[in-house]
$ cat upload-v9.pdb   # PDB, C-alpha atoms and all ligand atoms
ATOM      1  CA  MET A   1     130.261 -15.505  74.107  1.00  0.00           C
ATOM      2  CA  SER A   2     127.976 -12.515  73.821  1.00  0.00           C
ATOM      3  CA  HIS A   3     127.155 -10.764  77.056  1.00  0.00           C
ATOM      4  CA  THR A   4     124.265  -8.788  75.575  1.00  0.00           C
ATOM      5  CA  ALA A   5     122.509 -12.041  74.674  1.00  0.00           C
ATOM      6  CA  GLU A   6     123.259 -13.443  78.125  1.00  0.00           C
ATOM      7  CA  ALA A   7     121.192 -10.710  79.784  1.00  0.00           C
ATOM      8  CA  ASN A   8     118.047 -11.946  78.051  1.00  0.00           C
ATOM      9  CA  THR A   9     118.692 -15.612  78.624  1.00  0.00           C
ATOM     10  CA  ALA A  10     115.687 -17.505  79.884  1.00  0.00           C
ATOM     11  CA  ARG A  11     116.235 -20.829  81.606  1.00  0.00           C
ATOM     12  CA  CYS A  12     114.044 -23.796  82.384  1.00  0.00           C
ATOM     13  CA  VAL A  13     113.247 -23.861  86.122  1.00  0.00           C
ATOM     14  CA  HIS A  14     113.406 -27.684  86.151  1.00  0.00           C
ATOM     15  CA  CYS A  15     116.629 -28.592  84.323  1.00  0.00           C
ATOM     16  CA  GLY A  16     118.246 -25.163  84.015  1.00  0.00           C
ATOM     17  CA  ARG A  17     118.842 -25.340  80.299  1.00  0.00           C
ATOM     18  CA  GLU A  18     118.682 -22.211  78.221  1.00  0.00           C
ATOM     19  CA  VAL A  19     115.479 -21.905  76.200  1.00  0.00           C
ATOM     20  CA  LYS A  20     115.055 -20.244  72.831  1.00  0.00           C
ATOM     21  CA  PRO A  21     112.213 -17.943  71.851  1.00  0.00           C
ATOM     22  CA  THR A  22     109.474 -19.482  69.743  1.00  0.00           C
ATOM     23  CA  ARG A  23     110.577 -19.480  66.114  1.00  0.00           C
ATOM     24  CA  HIS A  24     107.981 -18.652  63.512  1.00  0.00           C
ATOM     25  CA  THR A  25     108.365 -19.968  60.002  1.00  0.00           C
ATOM     26  CA  ARG A  26     106.190 -19.696  56.920  1.00  0.00           C
ATOM     27  CA  THR A  27     104.515 -23.013  57.675  1.00  0.00           C
ATOM     28  CA  GLY A  28     104.217 -22.815  61.440  1.00  0.00           C
ATOM     29  CA  TYR A  29     106.298 -22.342  64.529  1.00  0.00           C
ATOM     30  CA  ARG A  30     108.575 -24.249  66.840  1.00  0.00           C
ATOM     31  CA  VAL A  31     108.010 -23.877  70.566  1.00  0.00           C
ATOM     32  CA  ASP A  32     111.012 -24.407  72.824  1.00  0.00           C
ATOM     33  CA  TYR A  33     109.430 -23.621  76.175  1.00  0.00           C
ATOM     34  CA  TYR A  34     106.224 -22.838  78.014  1.00  0.00           C
ATOM     35  CA  SER A  35     105.950 -19.899  80.326  1.00  0.00           C
ATOM     36  CA  MET A  36     103.519 -19.463  83.161  1.00  0.00           C
ATOM     37  CA  HIS A  37     102.912 -16.486  85.392  1.00  0.00           C
ATOM     38  CA  THR A  38     102.279 -17.239  89.011  1.00  0.00           C
ATOM     39  CA  GLY A  39     103.411 -16.108  92.423  1.00  0.00           C
ATOM     40  CA  GLU A  40     102.502 -15.862  96.059  1.00  0.00           C
ATOM     41  CA  SER A  41      98.891 -14.947  96.565  1.00  0.00           C
ATOM     42  CA  GLU A  42      96.439 -14.331  99.355  1.00  0.00           C
ATOM     43  CA  PRO A  43      92.654 -14.616  99.355  1.00  0.00           C
ATOM     44  CA  GLY A  44      90.838 -11.362  98.770  1.00  0.00           C
ATOM     45  CA  THR A  45      87.127 -10.687  99.041  1.00  0.00           C
ATOM     46  CA  LEU A  46      84.892  -8.494  96.981  1.00  0.00           C
ATOM     47  CA  LEU A  47      81.968  -7.179  98.990  1.00  0.00           C
ATOM     48  CA  ASN A  48      78.501  -6.139  97.938  1.00  0.00           C
ATOM     49  CA  GLU A  49      77.169  -2.745  98.992  1.00  0.00           C
ATOM     50  CA  ASP A  50      75.409  -4.356 101.944  1.00  0.00           C
ATOM     51  CA  GLY A  51      78.686  -5.904 103.143  1.00  0.00           C
ATOM     52  CA  SER A  52      77.930  -9.465 102.100  1.00  0.00           C
ATOM     53  CA  VAL A  53      80.591 -11.353 100.153  1.00  0.00           C
ATOM     54  CA  GLU A  54      80.186 -11.092  96.390  1.00  0.00           C
ATOM     55  CA  MET A  55      83.195 -13.267  95.601  1.00  0.00           C
ATOM     56  CA  VAL A  56      86.498 -14.558  96.945  1.00  0.00           C
ATOM     57  CA  TYR A  57      89.558 -14.405  94.720  1.00  0.00           C
ATOM     58  CA  GLN A  58      93.313 -14.925  94.924  1.00  0.00           C
ATOM     59  CA  LYS A  59      95.235 -11.660  95.025  1.00  0.00           C
ATOM     60  CA  LEU A  60      98.698 -11.908  93.482  1.00  0.00           C
ATOM     61  CA  LEU A  61     101.372 -10.538  95.832  1.00  0.00           C
ATOM     62  CA  HIS A  62     104.642 -11.328  94.066  1.00  0.00           C
ATOM     63  CA  ALA A  63     104.560 -12.255  90.388  1.00  0.00           C
ATOM     64  CA  ARG A  64     106.915 -14.958  89.197  1.00  0.00           C
ATOM     65  CA  GLU A  65     107.505 -16.433  85.772  1.00  0.00           C
ATOM     66  CA  ILE A  66     107.843 -20.194  85.535  1.00  0.00           C
ATOM     67  CA  ILE A  67     109.646 -21.410  82.429  1.00  0.00           C
ATOM     68  CA  THR A  68     109.463 -25.052  81.408  1.00  0.00           C
ATOM     69  CA  CYS A  69     111.393 -26.314  78.380  1.00  0.00           C
ATOM     70  CA  VAL A  70     109.651 -28.696  75.980  1.00  0.00           C
ATOM     71  CA  ASP A  71     111.783 -31.615  77.224  1.00  0.00           C
ATOM     72  CA  CYS A  72     110.718 -31.146  80.830  1.00  0.00           C
ATOM     73  CA  TYR A  73     107.145 -30.339  79.825  1.00  0.00           C
ATOM     74  CA  ALA A  74     106.783 -33.955  78.707  1.00  0.00           C
ATOM     75  CA  ARG A  75     107.878 -35.277  82.120  1.00  0.00           C
ATOM     76  CA  ALA A  76     105.312 -36.009  84.816  1.00  0.00           C
ATOM     77  CA  GLU A  77     107.593 -34.648  87.568  1.00  0.00           C
ATOM     78  CA  ALA A  78     107.852 -31.301  85.814  1.00  0.00           C
ATOM     79  CA  GLN A  79     104.082 -31.182  85.311  1.00  0.00           C
ATOM     80  CA  ALA A  80     103.611 -31.847  89.026  1.00  0.00           C
ATOM     81  CA  GLU A  81     106.135 -29.160  89.930  1.00  0.00           C
ATOM     82  CA  ARG A  82     104.380 -26.639  87.707  1.00  0.00           C
ATOM     83  CA  GLU A  83     101.095 -27.483  89.392  1.00  0.00           C
ATOM     84  CA  ARG A  84     102.692 -27.036  92.815  1.00  0.00           C
ATOM     85  CA  LEU A  85     104.229 -23.685  91.828  1.00  0.00           C
ATOM     86  CA  PHE A  86     100.999 -22.508  90.280  1.00  0.00           C
ATOM     87  CA  ARG A  87      98.732 -23.441  93.177  1.00  0.00           C
ATOM     88  CA  PRO A  88     100.742 -23.799  96.388  1.00  0.00           C
ATOM     89  CA  GLU A  89      97.525 -23.561  98.413  1.00  0.00           C
ATOM     90  CA  ARG A  90      96.267 -26.750  96.785  1.00  0.00           C
ATOM     91  CA  VAL A  91      99.270 -28.728  97.984  1.00  0.00           C
ATOM     92  CA  ASN A  92      99.350 -27.298 101.501  1.00  0.00           C
ATOM     93  CA  GLY A  93      95.690 -26.763 102.060  1.00  0.00           C
ATOM     94  CA  ALA A  94      92.228 -28.120 102.190  1.00  0.00           C
ATOM     95  CA  THR A  95      91.831 -29.381  98.639  1.00  0.00           C
ATOM     96  CA  LEU A  96      94.112 -32.359  99.143  1.00  0.00           C
ATOM     97  CA  GLN A  97      92.563 -33.223 102.494  1.00  0.00           C
ATOM     98  CA  ALA A  98      89.069 -33.179 101.007  1.00  0.00           C
ATOM     99  CA  ASP A  99      89.545 -36.567  99.327  1.00  0.00           C
TER
HETATM  100 ZN    ZN B   1     113.898 -28.327  81.265  1.00  0.00          ZN
END

$ encode --input "upload-v9.pdb" --output "C-alpha cells"
Amino acid sequence: MSHTAEANTARCVHCGREVKPTRHTRTGYRVDYYSMHTGESEPGTLLNEDGSVEMVYQKLLHAREIITCVDCYARAEAQAERERLFRPERVNGATLQAD
C-alpha cells in the first residue's frame, strides 16, 4: 500500500468508497465522482449608497467539499442528502413551510 497515494485519497461522503480522478481518453472521459463545494453560510446584505438594500446573498463561512461517487449519485437518497448539505437553510427554514 502506498502512503503517498493515501494522502490524496478522496472518498464518497455517502458510502465512503474511494473515488478515482476523472480519466480522460482520446474518445472521451470517465467520471467516477461528482464534487460540490458548499459549507455553512449566513445571509449578507449589500447596501446602496442611501442605505437601502441592494441585494441579499449567502456568505460562505466554512467551505466544505462534498464528494459523491457515481454509484451513489444515481440513488435518490444521495441526491436528497446532497441537496440538504448544499442548502441546509431550505430544510430547516421557511422554504419548506411555504408549501
Ligand atoms: Zn458512494

$ resolve_selection --input "upload-v9.pdb" --expression "the PyMOL selection byres (((not hetatm)) within 12 of (chain B and resi 1))" --output "MDAnalysis selection string"
chainID A and resid 10:20 32:35 66:75 77:79 81:82

$ residues_around --input "upload-v9.pdb" --residues "range 39-54 of chain A" --least-positions-apart "5" --cutoff "8 Å" --atoms "only C-alpha atoms" --output "MDAnalysis selection string"
chainID A and resid 59:65 85:86

$ atom_distance --input "upload-v9.pdb" --atom1 "CA of Arg23 in chain A" --atom2 "CA of His37 in chain A"
21.0 Å

$ atom_distance --input "upload-v9.pdb" --atom1 "CA of Arg87 in chain A" --atom2 "CA of Met36 in chain A"
11.8 Å

$ atom_distance --input "upload-v9.pdb" --atom1 "CA of Glu83 in chain A" --atom2 "CA of Val31 in chain A"
20.4 Å
